[in-house]
Amino acid sequence: MSFKHLSFIDLFTKENLVVEIPMLQRDYAYGRITEREKRTEFLRSIKTYLLSDNMNHELDFIYGSISAPKGENCLVLLDGQQRITTLFLLHWYFAIVNKQFSQFREVFLFEGKSKFAYTIRESSAEFCNALVSLYKRRKNKDKNEEVDQSIDYYNYICGLSFEKLLSSKIRNERWFFSHWNNDPTVINMLNMLDDIARTFSVDESNGLFDKLNKSGINSSITFNLLPLDDYKLTDELYIKMNSRGKSLTRFENFKSKKLKKYDEQKQSQNYKKKLQEINDLEN
């Protein structure tokens, strides 16, 4: 099995990829109101990982197809959308509260467009572009100029409360189009950003951008990328697999969580040992 052990930032720097969520995917689901429990649990796990002394924690495999339709290598993500999108939003938030948004923008913005792209809807892609740019335009004498808003957002986040939401500031921006409120992915991203801000205070977030932004196993959060092109698989496999899926019952979800906890405690060390053996063989 040929896979790469990467951090989120590696996709855009080390691998030099543009990451695309294709049209066949569903909307970003972790931010749904009905997914509050799952969202809270996932963010708590991420927080534990980031604040622990252990160097590296894995988020399992992600799958995709790599091609170069416009001259750039593009990873069309077929599985792992929810985790990867959440990591994108975490990077955005930590870049602001750590006052390192220029570094974030340098990696993720290319010719005015986000290198992390949603093609499910045009409005989703537009929203990602606006988030990564984080500029507002104002008229200065006879010309328009772009003003960096990252410090303004830092000051706003410092004053957040239960009633004062990060999403409210974003929605009140002049660059935020009203029709974006009809896009489920945009709405759910805003919900996730609100919960990220609730989970990670400014003081707790100190240094987390650098910790998350490292390469490979030096990063706190990593995953294994498996390019499906190596096996000549297409998105037809993804469609067939998902078309057979059924919603889990509440008991099945509960059982899954308990088994996952048990499995993590019992097999964590063994898994890391086996993974290291595989990596050694691959290298």
# chains A, B, ... in the order shown; residues from 1 in each chain; ligands from 1

$ closest_atom_pairs --of "segment 92-163 of chain A" --to "segment 52-74 of chain A" --cutoff "12 Å" --atoms "only C-alpha atoms" --output "JSON lines"
{"residue": "A:Phe110", "atom": "CA", "partner": "A:Glu72", "partner_atom": "CA", "distance": 11.3}
{"residue": "A:Lys115", "atom": "CA", "partner": "A:Cys74", "partner_atom": "CA", "distance": 9.2}
{"residue": "A:Phe116", "atom": "CA", "partner": "A:Cys74", "partner_atom": "CA", "distance": 9.9}
{"residue": "A:Ala117", "atom": "CA", "partner": "A:Cys74", "partner_atom": "CA", "distance": 10.1}

$ residues_around --residues "Leu166 of chain A" --least-positions-apart "4" --cutoff "10 Å" --atoms "only C-alpha atoms" --output "ChimeraX atom specification"
/A:153,156-157,159-161,170-171,190-191,193-198

$ write_last_selection --atoms "N, CA and C atoms" --output "CSV table (one decimal), in the first residue's frame"
chain,number,residue,atom,x,y,z
A,153,TYR,N,-9.9,41.3,13.1
A,153,TYR,CA,-10.6,40.1,13.6
A,153,TYR,C,-10.0,39.6,14.9
A,156,TYR,N,-11.6,41.5,17.6
A,156,TYR,CA,-13.0,41.1,17.7
A,156,TYR,C,-13.0,39.8,18.5
A,157,ILE,N,-12.2,38.8,18.2
A,157,ILE,CA,-12.2,37.5,18.8
A,157,ILE,C,-11.8,37.7,20.3
A,159,GLY,N,-12.8,39.9,22.2
A,159,GLY,CA,-13.9,40.3,23.0
A,159,GLY,C,-15.1,39.5,22.8
A,160,LEU,N,-15.0,38.2,22.3
A,160,LEU,CA,-16.1,37.3,22.1
A,160,LEU,C,-16.7,36.9,23.4
A,161,SER,N,-18.0,36.7,23.4
A,161,SER,CA,-18.8,36.2,24.5
A,161,SER,C,-19.8,35.2,24.0
A,170,ILE,N,-18.5,38.1,10.5
A,170,ILE,CA,-18.3,37.6,9.1
A,170,ILE,C,-19.5,38.0,8.3
A,171,ARG,N,-20.7,37.7,8.8
A,171,ARG,CA,-21.9,38.0,8.1
A,171,ARG,C,-22.2,39.5,7.9
A,190,LEU,N,-19.6,28.5,9.2
A,190,LEU,CA,-19.8,29.6,10.2
A,190,LEU,C,-20.1,29.0,11.6
A,191,ASN,N,-20.9,27.9,11.6
A,191,ASN,CA,-21.2,27.3,12.9
A,191,ASN,C,-20.0,26.7,13.5
A,193,LEU,N,-16.9,27.6,13.0
A,193,LEU,CA,-16.0,28.7,13.4
A,193,LEU,C,-16.4,29.2,14.8
A,194,ASP,N,-17.7,29.3,15.0
A,194,ASP,CA,-18.3,29.7,16.3
A,194,ASP,C,-17.8,28.8,17.4
A,195,ASP,N,-17.9,27.5,17.1
A,195,ASP,CA,-17.6,26.5,18.1
A,195,ASP,C,-16.1,26.4,18.3
A,196,ILE,N,-15.3,26.6,17.3
A,196,ILE,CA,-13.8,26.7,17.4
A,196,ILE,C,-13.5,27.8,18.3
A,197,ALA,N,-14.1,28.9,18.2
A,197,ALA,CA,-13.8,30.1,19.0
A,197,ALA,C,-14.2,29.8,20.5
A,198,ARG,N,-15.3,29.1,20.7
A,198,ARG,CA,-15.8,28.7,22.0
A,198,ARG,C,-14.8,27.7,22.7

$ residues_around --residues "Thr13 of chain A" --least-positions-apart "2" --cutoff "12 Å" --atoms "only C-alpha atoms" --output "MDAnalysis selection string"
chainID A and resid 6:11 15:19 73 104 106:108 115 213:216

$ closest_residue --among "A:Leu89, A:Asn181, A:Thr199, A:Arg174" --to "Phe162 of chain A" --atoms "only C-alpha atoms"
A:Thr199

$ select_by_dssp --residues "segment 70-257 of chain A" --states "strand (DSSP E)" --output "number ranges by chain"
A: 74-79, 109-110, 113-114, 116-118, 135-140, 143-148, 221-227
